[in-house]
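Structure file work_13.cif; described as mmCIF, C-alpha atoms.
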```
data_work
loop_
_atom_site.label_atom_id
_atom_site.label_comp_id
_atom_site.auth_asym_id
_atom_site.auth_seq_id
_atom_site.Cartn_x
_atom_site.Cartn_y
_atom_site.Cartn_z
CA MET B 224 -22.07 -11.80 -7.40
CA PRO B 225 -20.99 -14.76 -9.51
CA CYS B 226 -18.10 -15.58 -7.16
CA THR B 227 -16.77 -14.29 -3.82
CA GLY B 228 -13.57 -13.54 -5.77
CA ARG B 229 -15.39 -10.39 -6.89
CA VAL B 230 -15.79 -9.18 -3.29
CA ASP B 231 -13.47 -6.31 -2.60
CA ILE B 232 -12.58 -4.61 0.66
CA ILE B 233 -14.40 -1.49 -0.49
CA HIS B 234 -17.70 -3.42 -0.86
CA ILE B 235 -17.46 -4.54 2.75
CA LEU B 236 -16.50 -1.07 4.03
CA ARG B 237 -19.30 0.61 2.09
CA ALA B 238 -21.83 -1.67 3.77
CA PHE B 239 -20.58 -0.47 7.17
CA GLU B 240 -20.44 3.13 5.98
CA LYS B 241 -24.13 2.79 5.13
CA GLY B 242 -24.87 1.50 8.61
CA ALA B 243 -24.71 -2.31 8.37
CA ASP B 244 -24.20 -3.99 11.75
CA GLY B 245 -22.42 -6.98 10.24
CA VAL B 246 -21.40 -8.50 6.91
CA SER B 247 -21.29 -12.21 6.04
CA VAL B 248 -19.34 -13.24 2.97
CA VAL B 249 -20.50 -16.69 1.89
CA GLY B 250 -18.32 -18.54 -0.58
CA CYS B 251 -17.88 -22.05 -1.92
CA LEU B 252 -15.86 -24.62 -0.01
CA GLU B 253 -12.14 -24.04 -0.14
CA GLY B 254 -10.58 -26.07 -2.94
CA GLU B 255 -13.88 -26.16 -4.84
CA CYS B 256 -13.90 -22.73 -6.43
CA ARG B 257 -15.07 -22.91 -10.03
CA PHE B 258 -12.62 -20.10 -10.80
CA ASN B 259 -9.82 -21.84 -8.85
CA SER B 260 -8.99 -19.22 -6.23
CA GLY B 261 -11.95 -16.80 -5.96
CA ASN B 262 -12.91 -17.86 -2.43
CA LEU B 263 -9.27 -17.82 -1.29
CA ARG B 264 -8.91 -14.25 -2.52
CA ALA B 265 -12.13 -13.35 -0.73
CA ARG B 266 -10.78 -14.90 2.46
CA GLU B 267 -7.71 -12.63 2.34
CA ARG B 268 -9.82 -9.57 1.59
CA VAL B 269 -12.13 -10.35 4.48
CA ARG B 270 -9.04 -10.55 6.72
CA GLN B 271 -7.89 -7.15 5.49
CA ALA B 272 -11.35 -5.68 6.03
CA GLN B 273 -11.34 -7.12 9.58
CA LYS B 274 -8.03 -5.36 10.30
CA ILE B 275 -9.33 -2.05 8.96
CA LEU B 276 -12.61 -2.31 10.87
CA GLU B 277 -10.69 -3.08 14.05
CA ALA B 278 -8.46 -0.05 13.51
CA VAL B 279 -11.37 2.35 12.91
CA GLY B 280 -13.25 1.21 16.01
CA THR B 281 -16.09 -0.70 14.34
CA GLY B 282 -14.76 -4.13 15.32
CA GLY B 283 -13.18 -6.70 13.02
CA LYS B 284 -15.55 -9.46 14.15
CA ARG B 285 -18.43 -7.74 12.41
CA VAL B 286 -17.33 -9.26 9.11
CA ARG B 287 -16.88 -12.99 8.63
CA MET B 288 -16.40 -15.41 5.80
CA PHE B 289 -18.28 -18.70 5.63
CA ASN B 290 -17.67 -21.54 3.20
CA LEU B 291 -20.28 -24.03 2.16
CA SER B 292 -21.71 -25.72 -0.91
CA SER B 293 -25.00 -24.66 -2.47
CA SER B 294 -26.79 -27.79 -1.24
CA GLU B 295 -26.13 -27.08 2.43
CA GLY B 296 -29.23 -25.09 3.33
CA PRO B 297 -29.39 -26.08 7.02
CA ARG B 298 -25.69 -25.34 7.43
CA PHE B 299 -26.19 -21.91 5.84
CA ALA B 300 -29.05 -21.21 8.23
CA GLY B 301 -26.86 -22.32 11.14
CA TYR B 302 -24.04 -20.00 10.11
CA MET B 303 -26.39 -17.06 9.70
CA THR B 304 -27.97 -17.70 13.11
CA GLU B 305 -24.50 -17.83 14.63
CA MET B 306 -23.51 -14.58 12.92
CA THR B 307 -26.73 -12.83 13.94
CA GLU B 308 -26.23 -13.86 17.58
CA GLN B 309 -22.66 -12.65 17.49
CA ILE B 310 -23.64 -9.26 16.06
CA ARG B 311 -26.51 -8.94 18.59
CA GLU B 312 -23.97 -9.44 21.36
CA MET B 313 -21.74 -6.75 19.86
CA GLY B 314 -24.64 -4.32 19.47
CA PRO B 315 -25.39 -1.96 16.59
CA ASN B 316 -22.78 -0.42 14.30
CA PRO B 317 -20.99 2.14 16.56
CA MET B 318 -21.60 4.77 13.89
CA LYS B 319 -25.36 4.55 14.53
CA LEU B 320 -24.90 4.92 18.28
CA ALA B 321 -22.60 7.91 17.80
CA GLY B 322 -25.12 9.47 15.39
CA LYS B 323 -27.96 9.00 17.89
CA ALA B 324 -25.91 10.56 20.69
CA GLU B 325 -25.13 13.52 18.45
CA ARG B 326 -28.79 14.01 17.56
CA ARG B 327 -29.76 13.84 21.27
CA GLU B 328 -27.18 16.52 22.09
CA ALA B 329 -28.48 18.70 19.24
CA ALA B 330 -32.06 18.34 20.52
CA LEU B 331 -31.14 19.44 24.06
CA MET X 267 9.31 1.74 -10.01
CA ILE X 268 9.25 3.35 -6.60
CA VAL X 269 7.86 0.87 -4.10
CA ALA X 270 5.80 2.10 -1.17
CA GLU X 271 3.82 0.49 1.62
CA LYS X 272 0.57 1.67 3.19
CA LYS X 273 1.00 3.34 6.55
CA PRO X 274 -0.87 1.67 9.43
CA MET X 275 -4.45 2.95 9.70
CA GLU X 276 -3.91 3.99 13.32
CA GLU X 277 -1.00 6.25 12.32
CA ILE X 278 -3.04 7.90 9.56
CA ILE X 279 -6.04 8.46 11.84
CA SER X 280 -3.78 9.99 14.46
CA SER X 281 -2.10 12.33 11.95
CA LEU X 282 -5.53 13.62 10.85
CA LYS X 283 -7.14 14.06 14.27
CA ASN X 284 -7.33 17.86 14.03
CA TYR X 285 -8.90 17.91 10.58
CA GLN X 286 -12.41 17.25 9.30
CA LYS X 287 -12.17 18.36 5.67
CA ILE X 288 -9.78 15.96 3.99
CA LEU X 289 -8.78 15.33 0.40
CA VAL X 290 -7.35 11.84 -0.08
CA ALA X 291 -5.10 12.05 -3.14
CA GLY X 292 -3.79 8.97 -4.91
CA CYS X 293 -1.27 8.64 -7.72
CA ASN X 294 -1.74 6.56 -10.86
CA GLU X 295 1.90 5.61 -11.26
CA CYS X 296 4.27 3.52 -9.11
CA VAL X 297 2.11 3.43 -5.98
CA THR X 298 -0.78 2.07 -8.04
CA VAL X 299 1.38 -0.79 -9.31
CA CYS X 300 2.59 -1.66 -5.81
CA GLU X 301 -1.01 -1.38 -4.53
CA ALA X 302 -0.24 1.23 -1.89
CA GLY X 303 -1.64 4.51 -3.19
CA GLY X 304 -3.71 4.09 -6.34
CA LYS X 305 -7.41 4.75 -6.92
CA LYS X 306 -8.43 1.55 -5.18
CA GLU X 307 -6.39 2.29 -2.06
CA VAL X 308 -7.78 5.85 -2.03
CA GLU X 309 -11.34 4.49 -2.03
CA ILE X 310 -10.64 2.07 0.80
CA LEU X 311 -8.77 4.60 2.93
CA ALA X 312 -11.39 7.33 2.43
CA SER X 313 -14.16 4.90 3.34
CA ALA X 314 -12.27 3.71 6.44
CA LEU X 315 -11.69 7.30 7.54
CA ARG X 316 -15.37 8.18 7.10
CA ILE X 317 -16.28 5.20 9.27
CA ALA X 318 -13.65 6.16 11.89
CA TYR X 319 -14.95 9.73 12.14
CA GLN X 320 -18.60 8.75 12.18
CA ASN X 321 -17.91 6.24 14.94
CA GLN X 322 -16.96 9.28 17.01
CA GLY X 323 -20.12 11.17 16.01
CA ILE X 324 -18.26 13.44 13.59
CA LYS X 325 -19.50 13.97 10.05
CA PRO X 326 -16.35 14.75 8.08
CA ARG X 327 -15.94 15.83 4.50
CA ILE X 328 -13.61 13.29 2.95
CA ASP X 329 -13.22 13.45 -0.82
CA GLU X 330 -11.16 11.37 -3.21
CA VAL X 331 -9.00 12.18 -6.20
CA THR X 332 -6.35 10.18 -8.04
CA LEU X 333 -3.92 12.13 -10.17
CA GLU X 334 -2.03 10.75 -13.12
CA ARG X 335 1.19 11.66 -11.29
CA GLN X 336 1.97 13.74 -8.22
CA CYS X 337 5.55 14.36 -9.33
CA ASP X 338 4.56 16.63 -12.24
CA HIS X 339 3.32 20.22 -12.17
CA GLN X 340 0.72 19.70 -14.86
CA TYR X 341 -1.17 16.98 -12.97
CA LEU X 342 -0.88 18.68 -9.59
CA GLU X 343 -2.44 21.78 -11.18
CA GLU X 344 -5.62 19.77 -11.79
CA ILE X 345 -6.64 20.15 -8.15
CA ARG X 346 -5.74 23.85 -7.76
CA ASN X 347 -9.39 24.93 -7.71
CA MET X 348 -10.35 22.33 -5.11
CA VAL X 349 -7.51 22.58 -2.62
CA ASP X 350 -8.92 25.55 -0.68
CA GLN X 351 -11.98 23.52 0.28
CA TYR X 352 -9.90 21.19 2.45
CA GLU X 353 -8.04 21.55 5.72
CA VAL X 354 -5.53 18.87 4.80
CA ILE X 355 -4.44 16.70 1.87
CA LEU X 356 -3.63 13.08 2.61
CA SER X 357 -1.32 12.10 -0.23
CA LEU X 358 -0.83 8.44 -1.06
CA ALA X 359 1.99 9.22 -3.49
CA CYS X 360 5.63 8.41 -2.83
CA GLY X 361 7.79 10.82 -0.85
CA ALA X 362 8.52 12.79 -4.01
CA GLY X 363 4.83 13.27 -4.76
CA VAL X 364 3.97 14.30 -1.20
CA GLN X 365 6.74 16.91 -1.22
CA PHE X 366 5.88 18.27 -4.65
CA MET X 367 2.26 18.62 -3.54
CA ALA X 368 3.41 20.48 -0.40
CA GLU X 369 5.70 22.75 -2.46
CA LYS X 370 2.84 23.65 -4.76
CA TYR X 371 0.12 24.28 -2.17
CA HIS X 372 1.98 26.05 0.61
CA THR X 373 -0.94 26.92 2.82
CA THR X 374 -2.48 23.45 2.96
CA PRO X 375 -0.89 20.78 5.15
CA VAL X 376 -0.01 17.61 3.25
CA MET X 377 0.24 14.33 5.16
CA PRO X 378 1.83 11.13 3.81
CA GLY X 379 -0.36 8.04 3.63
CA VAL X 380 2.41 5.63 2.61
CA ASN X 381 5.98 4.81 3.57
CA THR X 382 8.24 5.02 0.53
CA LYS X 383 10.59 2.03 0.58
CA PHE X 384 12.84 1.63 -2.49
CA ILE X 385 13.24 1.41 -6.26
CA GLY X 386 12.32 -2.13 -7.10
CA VAL X 387 10.37 -4.71 -9.05
CA THR X 388 7.24 -6.82 -8.67
CA GLU X 389 8.57 -10.35 -8.11
CA GLU X 390 5.04 -11.69 -7.94
CA ARG X 391 1.73 -10.20 -6.90
CA GLY X 392 2.21 -8.91 -3.36
CA VAL X 393 6.01 -9.30 -3.37
CA TRP X 394 8.26 -6.38 -4.27
CA SER X 395 12.02 -6.25 -3.89
CA GLU X 396 14.80 -3.72 -4.24
CA ARG X 397 16.90 -3.50 -7.39
CA CYS X 398 18.35 0.01 -7.55
CA GLN X 399 19.71 2.51 -5.07
CA ALA X 400 19.95 5.41 -7.56
CA CYS X 401 23.68 5.75 -6.92
CA GLY X 402 23.99 8.02 -9.95
CA HIS X 403 26.64 6.01 -11.81
CA CYS X 404 25.46 2.70 -13.20
CA ILE X 405 27.95 -0.17 -13.29
CA LEU X 406 25.53 -2.90 -14.37
CA ALA X 407 27.48 -3.37 -17.60
CA GLU X 408 30.40 -4.63 -15.55
CA THR X 409 28.49 -6.93 -13.23
CA GLY X 410 26.36 -8.97 -15.61
CA GLY X 411 23.29 -6.78 -15.11
CA ILE X 412 23.06 -7.42 -11.36
CA CYS X 413 23.81 -4.48 -9.13
CA PRO X 414 26.28 -5.00 -6.27
CA ILE X 415 25.20 -1.67 -4.74
CA ALA X 416 21.56 -2.70 -4.43
CA ARG X 417 21.89 -6.45 -4.04
CA CYS X 418 24.95 -6.80 -1.80
CA SER X 419 24.26 -5.84 1.83
CA LYS X 420 27.74 -4.30 2.08
CA ARG X 421 27.58 -2.65 -1.36
CA MET X 422 30.87 -4.38 -2.19
CA LEU X 423 32.32 -3.64 -5.60
CA ASN X 424 34.55 -6.72 -5.57
CA GLY X 425 32.80 -9.48 -3.70
CA PRO X 426 31.68 -11.72 -2.25
CA CYS X 427 32.76 -11.18 1.33
CA GLY X 428 33.42 -13.94 3.85
CA GLY X 429 29.80 -13.79 4.98
CA SER X 430 28.51 -15.41 1.82
CA SER X 431 27.49 -18.99 2.55
CA GLN X 432 25.80 -21.43 0.16
CA GLY X 433 24.68 -18.53 -1.98
CA LYS X 434 23.07 -16.64 0.89
CA CYS X 435 24.01 -13.46 2.71
CA GLU X 436 25.12 -13.55 6.34
CA ILE X 437 22.56 -10.95 7.39
CA ASN X 438 19.63 -13.17 6.47
CA LYS X 439 19.56 -16.81 5.38
CA GLU X 440 16.69 -16.06 2.98
CA LEU X 441 18.60 -13.27 1.24
CA PRO X 442 20.60 -14.25 -1.85
CA CYS X 443 24.23 -13.08 -1.82
CA GLY X 444 24.41 -10.32 -4.43
CA TRP X 445 27.85 -11.42 -5.53
CA GLN X 446 26.77 -15.05 -5.85
CA LEU X 447 24.04 -13.79 -8.17
CA ILE X 448 26.62 -11.86 -10.19
CA ILE X 449 28.93 -14.87 -10.46
CA ASP X 450 26.06 -17.17 -11.48
CA ARG X 451 24.94 -14.66 -14.06
CA LEU X 452 28.45 -14.23 -15.51
CA LYS X 453 28.69 -18.03 -15.69
CA SER X 454 25.43 -18.25 -17.68
CA LEU X 455 26.69 -15.51 -19.99
CA ASN X 456 29.92 -17.46 -20.39
CA GLN X 457 31.77 -14.35 -19.23
CA LEU X 458 33.19 -15.58 -15.94
CA ASP X 459 36.60 -14.23 -16.95
CA ARG X 460 35.16 -10.74 -16.34
CA TYR X 461 34.89 -11.59 -12.65
CA GLU X 462 38.69 -11.32 -12.51
CA THR X 463 38.56 -7.63 -13.46
CA ILE X 464 38.90 -5.43 -10.39
CA ILE X 465 36.22 -2.75 -10.23
CA PRO X 466 37.89 0.52 -9.18
CA ILE X 467 36.85 2.63 -6.21
CA LYS X 468 33.45 4.16 -6.88
CA ASP X 469 32.88 7.90 -7.02
CA TRP X 470 30.17 8.22 -4.38
CA SER X 471 29.66 11.93 -4.99
CA THR X 472 26.93 11.03 -7.51
CA GLU X 473 25.08 9.15 -4.77
CA ARG X 474 22.90 10.76 -2.08
CA SER X 475 25.96 11.31 0.11
CA GLY X 476 26.91 14.07 -2.34
CA GLY X 477 23.82 16.01 -1.22
CA PRO X 478 20.38 16.37 -2.88
CA ARG X 479 20.73 15.74 -6.60
CA LYS X 480 19.38 17.35 -9.73
CA VAL X 481 19.38 16.45 -13.42
CA ILE X 482 19.35 19.34 -15.90
CA ARG X 483 18.89 18.58 -19.57
CA GLU X 484 19.38 21.68 -21.69
CA ASP X 485 18.30 19.75 -24.80
CA VAL X 486 14.81 19.07 -23.47
CA LYS X 487 14.23 22.28 -21.52
CA LEU X 488 11.50 24.55 -22.91
#
```

Rewrite the structure from the file as structure tokens, please.
Amino acid sequence: MPCTGRVDIIHILRAFEKGADGVSVVGCLEGECRFNSGNLRARERVRQAQKILEAVGTGGKRVRMFNLSSSEGPRFAGYMTEMTEQIREMGPNPMKLAGKAERREAAL
Amino acid sequence: MIVAEKKPMEEIISSLKNYQKILVAGCNECVTVCEAGGKKEVEILASALRIAYQNQGIKPRIDEVTLERQCDHQYLEEIRNMVDQYEVILSLACGAGVQFMAEKYHTTPVMPGVNTKFIGVTEERGVWSERCQACGHCILAETGGICPIARCSKRMLNGPCGGSSQGKCEINKELPCGWQLIIDRLKSLNQLDRYETIIPIKDWSTERSGGPRKVIREDVKL
């Protein structure tokens, strides 16, 4: 995507519908959006997606927004490590666990 | 336009708990403009519901459709051949649309996905406010184009009341006094003398208190 301003709630939800365990939205630093407010819009949409994911039982913390500039490779790696650890702690997408349980029941 | 607000996700999930074949139906008119029940909201809600069901190990059938309007027979007819495939329709239209859908498809339950709030305007993106209470007898010509029924908390016809302070209403310091707005407007129109004219007692029988209303136009009937 050319800008996180293009990220919509539906893109985030579809990732979870397809089984993603977590979603990181990585945008430019706040105040430095080339399109003025793209990353601020993304921030609000991520918040909305968090609320929805909390309400449906997936967990709002599975989606997070990070802001950094394109030259901050180590910082990006740090954020992704942090996110991965957080998702590991939370476990897989509950949908996958529920699907597995269903398949086990069907096999019995 | 009619302004509506999305119902909380928890309430929607709870209202659908006995159903697994769901048609989420949006409306392309007012609820699209106020971002509560258009195509985009249908997509998001349907996706969220699929996730909610699958988190419980249930594989539901949740389909999406957005009609041009849900308050017109001709557009509601577009889904006639599909309706039987679903146990419930979740309508994101305003209260009128939900009811018209229910009247048309009597054997299929129709659930509302939004709370219908008022007739209003888009002040800015994400901010909508009330402008009309559909009282059935418009007096805007007498009040400088600002409605005392919709904008004054007491619906006063000859205001302001003693609760108006520094241009704000006593019920909320953020709320402009409807009558202050009218006076300011008459001033800008250089018609402040009209403020002296007493508005007579209103005939409220044209308002909702006169019972459910109907408009019949013989000249446009087919």

Checklist line | Residue IDs satisfying the PyMOL selection byres ((chain X and resi 299-303) around 10), as a PyMOL selection string | finding: chain X and resi 267-273+290-298+304-309+311+332+357-360+379-382+386-388+391-394

Next item on the list: Take the point (-16.0, -3.7, -1.1) as written in the file and pick out every residue within 12 Å of it, counting only C-alpha atoms; give the list as a PyMOL selection string.
Entry: (chain B and resi 224+227-240+246+248+265+268-269+271-272+286) or (chain X and resi 306-307+309-311+313-314)

Checklist line | Residues within 8 Å of Gly250 of chain B, all atoms listed in the file, excluding chain neighbours under 2 positions, as number ranges by chain | finding: B: 226-227, 248, 252, 262, 288-292

Just to be explicit: take each residue in the selection above, keep C-alpha atoms, and write the result as a PDB file, keeping the file's coordinate frame.
```
ATOM      1  CA  CYS B 226     -18.100 -15.580  -7.160  1.00  0.00           C
ATOM      2  CA  THR B 227     -16.770 -14.290  -3.820  1.00  0.00           C
ATOM      3  CA  VAL B 248     -19.340 -13.240   2.970  1.00  0.00           C
ATOM      4  CA  LEU B 252     -15.860 -24.620  -0.010  1.00  0.00           C
ATOM      5  CA  ASN B 262     -12.910 -17.860  -2.430  1.00  0.00           C
ATOM      6  CA  MET B 288     -16.400 -15.410   5.800  1.00  0.00           C
ATOM      7  CA  PHE B 289     -18.280 -18.700   5.630  1.00  0.00           C
ATOM      8  CA  ASN B 290     -17.670 -21.540   3.200  1.00  0.00           C
ATOM      9  CA  LEU B 291     -20.280 -24.030   2.160  1.00  0.00           C
ATOM     10  CA  SER B 292     -21.710 -25.720  -0.910  1.00  0.00           C
TER      11      SER B 292
END
```

Please report as JSON lines every residue of chain X lying within 8 Å of chain B, along with the nearest atom pair and their distance in Å (one decimal), using all atoms listed in the file.
```
{"residue": "X:Met275", "atom": "CA", "partner": "B:Ala278", "partner_atom": "CA", "distance": 6.3}
{"residue": "X:Glu276", "atom": "CA", "partner": "B:Ala278", "partner_atom": "CA", "distance": 6.1}
{"residue": "X:Glu309", "atom": "CA", "partner": "B:Ile233", "partner_atom": "CA", "distance": 6.9}
{"residue": "X:Ile310", "atom": "CA", "partner": "B:Ile233", "partner_atom": "CA", "distance": 5.3}
{"residue": "X:Ser313", "atom": "CA", "partner": "B:Leu236", "partner_atom": "CA", "distance": 6.4}
{"residue": "X:Ala314", "atom": "CA", "partner": "B:Val279", "partner_atom": "CA", "distance": 6.7}
{"residue": "X:Leu315", "atom": "CA", "partner": "B:Val279", "partner_atom": "CA", "distance": 7.3}
{"residue": "X:Arg316", "atom": "CA", "partner": "B:Glu240", "partner_atom": "CA", "distance": 7.2}
{"residue": "X:Ile317", "atom": "CA", "partner": "B:Glu240", "partner_atom": "CA", "distance": 5.7}
{"residue": "X:Ala318", "atom": "CA", "partner": "B:Val279", "partner_atom": "CA", "distance": 4.6}
{"residue": "X:Gln320", "atom": "CA", "partner": "B:Met318", "partner_atom": "CA", "distance": 5.3}
{"residue": "X:Asn321", "atom": "CA", "partner": "B:Met318", "partner_atom": "CA", "distance": 4.1}
{"residue": "X:Gln322", "atom": "CA", "partner": "B:Ala321", "partner_atom": "CA", "distance": 5.9}
{"residue": "X:Gly323", "atom": "CA", "partner": "B:Ala321", "partner_atom": "CA", "distance": 4.5}
```

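What separates atom CA of Phe384 of chain X from atom CA of Cys398 of chain X is a distance of 7.7 Å.
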
Notebook entry, point to check: Quick one: of B:Gln273, B:Gly296, B:Ile310, B:Gly261, who's nearest to Gly245 of chain B, counting only C-alpha atoms?
Noted result: B:Ile310

Can you tell me which residues surround Glu462 of chain X at a distance of at most 12 Å, considering all atoms listed in the file, apart from same-chain residues fewer than 5 positions away, and format the answer as a PDB file with C-alpha atoms, in the frame of the given file?
```pdb
ATOM      1  CA  GLU X 408      30.400  -4.630 -15.550  1.00  0.00           C
ATOM      2  CA  THR X 409      28.490  -6.930 -13.230  1.00  0.00           C
ATOM      3  CA  ASN X 424      34.550  -6.720  -5.570  1.00  0.00           C
ATOM      4  CA  GLY X 425      32.800  -9.480  -3.700  1.00  0.00           C
ATOM      5  CA  ILE X 449      28.930 -14.870 -10.460  1.00  0.00           C
ATOM      6  CA  LEU X 452      28.450 -14.230 -15.510  1.00  0.00           C
ATOM      7  CA  GLN X 457      31.770 -14.350 -19.230  1.00  0.00           C
TER       8      GLN X 457
END
```

Near-Asp338 of chain X list (12 Å; all atoms listed in the file; drop same-chain fewer than 2 positions) as a CSV table (one decimal) with C-alpha atoms, in the coordinates of the input:
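Wrote result28.csv, looks like this:
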```csv
chain,number,residue,atom,x,y,z
X,293,CYS,CA,-1.3,8.6,-7.7
X,294,ASN,CA,-1.7,6.6,-10.9
X,295,GLU,CA,1.9,5.6,-11.3
X,333,LEU,CA,-3.9,12.1,-10.2
X,334,GLU,CA,-2.0,10.8,-13.1
X,335,ARG,CA,1.2,11.7,-11.3
X,336,GLN,CA,2.0,13.7,-8.2
X,340,GLN,CA,0.7,19.7,-14.9
X,341,TYR,CA,-1.2,17.0,-13.0
X,342,LEU,CA,-0.9,18.7,-9.6
X,343,GLU,CA,-2.4,21.8,-11.2
X,344,GLU,CA,-5.6,19.8,-11.8
X,359,ALA,CA,2.0,9.2,-3.5
X,362,ALA,CA,8.5,12.8,-4.0
X,363,GLY,CA,4.8,13.3,-4.8
X,364,VAL,CA,4.0,14.3,-1.2
X,365,GLN,CA,6.7,16.9,-1.2
X,366,PHE,CA,5.9,18.3,-4.6
X,367,MET,CA,2.3,18.6,-3.5
X,369,GLU,CA,5.7,22.8,-2.5
X,370,LYS,CA,2.8,23.6,-4.8
```

Check: So how many Å separate atom CA of Ala407 of chain X and atom CA of Arg483 of chain X, to one decimal?
Finding: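 Separation between atom CA of Ala407 of chain X and atom CA of Arg483 of chain X: 23.7 Å.
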
Notebook entry, point to check: So how far away is atom CA of Glu353 of chain X from atom CA of Asp329 of chain X, in Å?
Noted result: 11.6 Å

Next item on the list: Spell out the residues picked by the PyMOL selection byres ((chain X and resi 435) around 12) here, as an MDAnalysis selection string.
Entry: chainID X and resid 417:420 425:434 436:447

Serialized selection, C-alpha atoms, as a compact mmCIF listing (two decimals), in the coordinates of the input:
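Below you can see again_2.txt, which holds the result:
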```txt
# COMPACT_ATOMS: atom_id res chain seq x y z
CA ARG X 417 21.89 -6.45 -4.04
CA CYS X 418 24.95 -6.80 -1.80
CA SER X 419 24.26 -5.84 1.83
CA LYS X 420 27.74 -4.30 2.08
CA GLY X 425 32.80 -9.48 -3.70
CA PRO X 426 31.68 -11.72 -2.25
CA CYS X 427 32.76 -11.18 1.33
CA GLY X 428 33.42 -13.94 3.85
CA GLY X 429 29.80 -13.79 4.98
CA SER X 430 28.51 -15.41 1.82
CA SER X 431 27.49 -18.99 2.55
CA GLN X 432 25.80 -21.43 0.16
CA GLY X 433 24.68 -18.53 -1.98
CA LYS X 434 23.07 -16.64 0.89
CA GLU X 436 25.12 -13.55 6.34
CA ILE X 437 22.56 -10.95 7.39
CA ASN X 438 19.63 -13.17 6.47
CA LYS X 439 19.56 -16.81 5.38
CA GLU X 440 16.69 -16.06 2.98
CA LEU X 441 18.60 -13.27 1.24
CA PRO X 442 20.60 -14.25 -1.85
CA CYS X 443 24.23 -13.08 -1.82
CA GLY X 444 24.41 -10.32 -4.43
CA TRP X 445 27.85 -11.42 -5.53
CA GLN X 446 26.77 -15.05 -5.85
CA LEU X 447 24.04 -13.79 -8.17
```
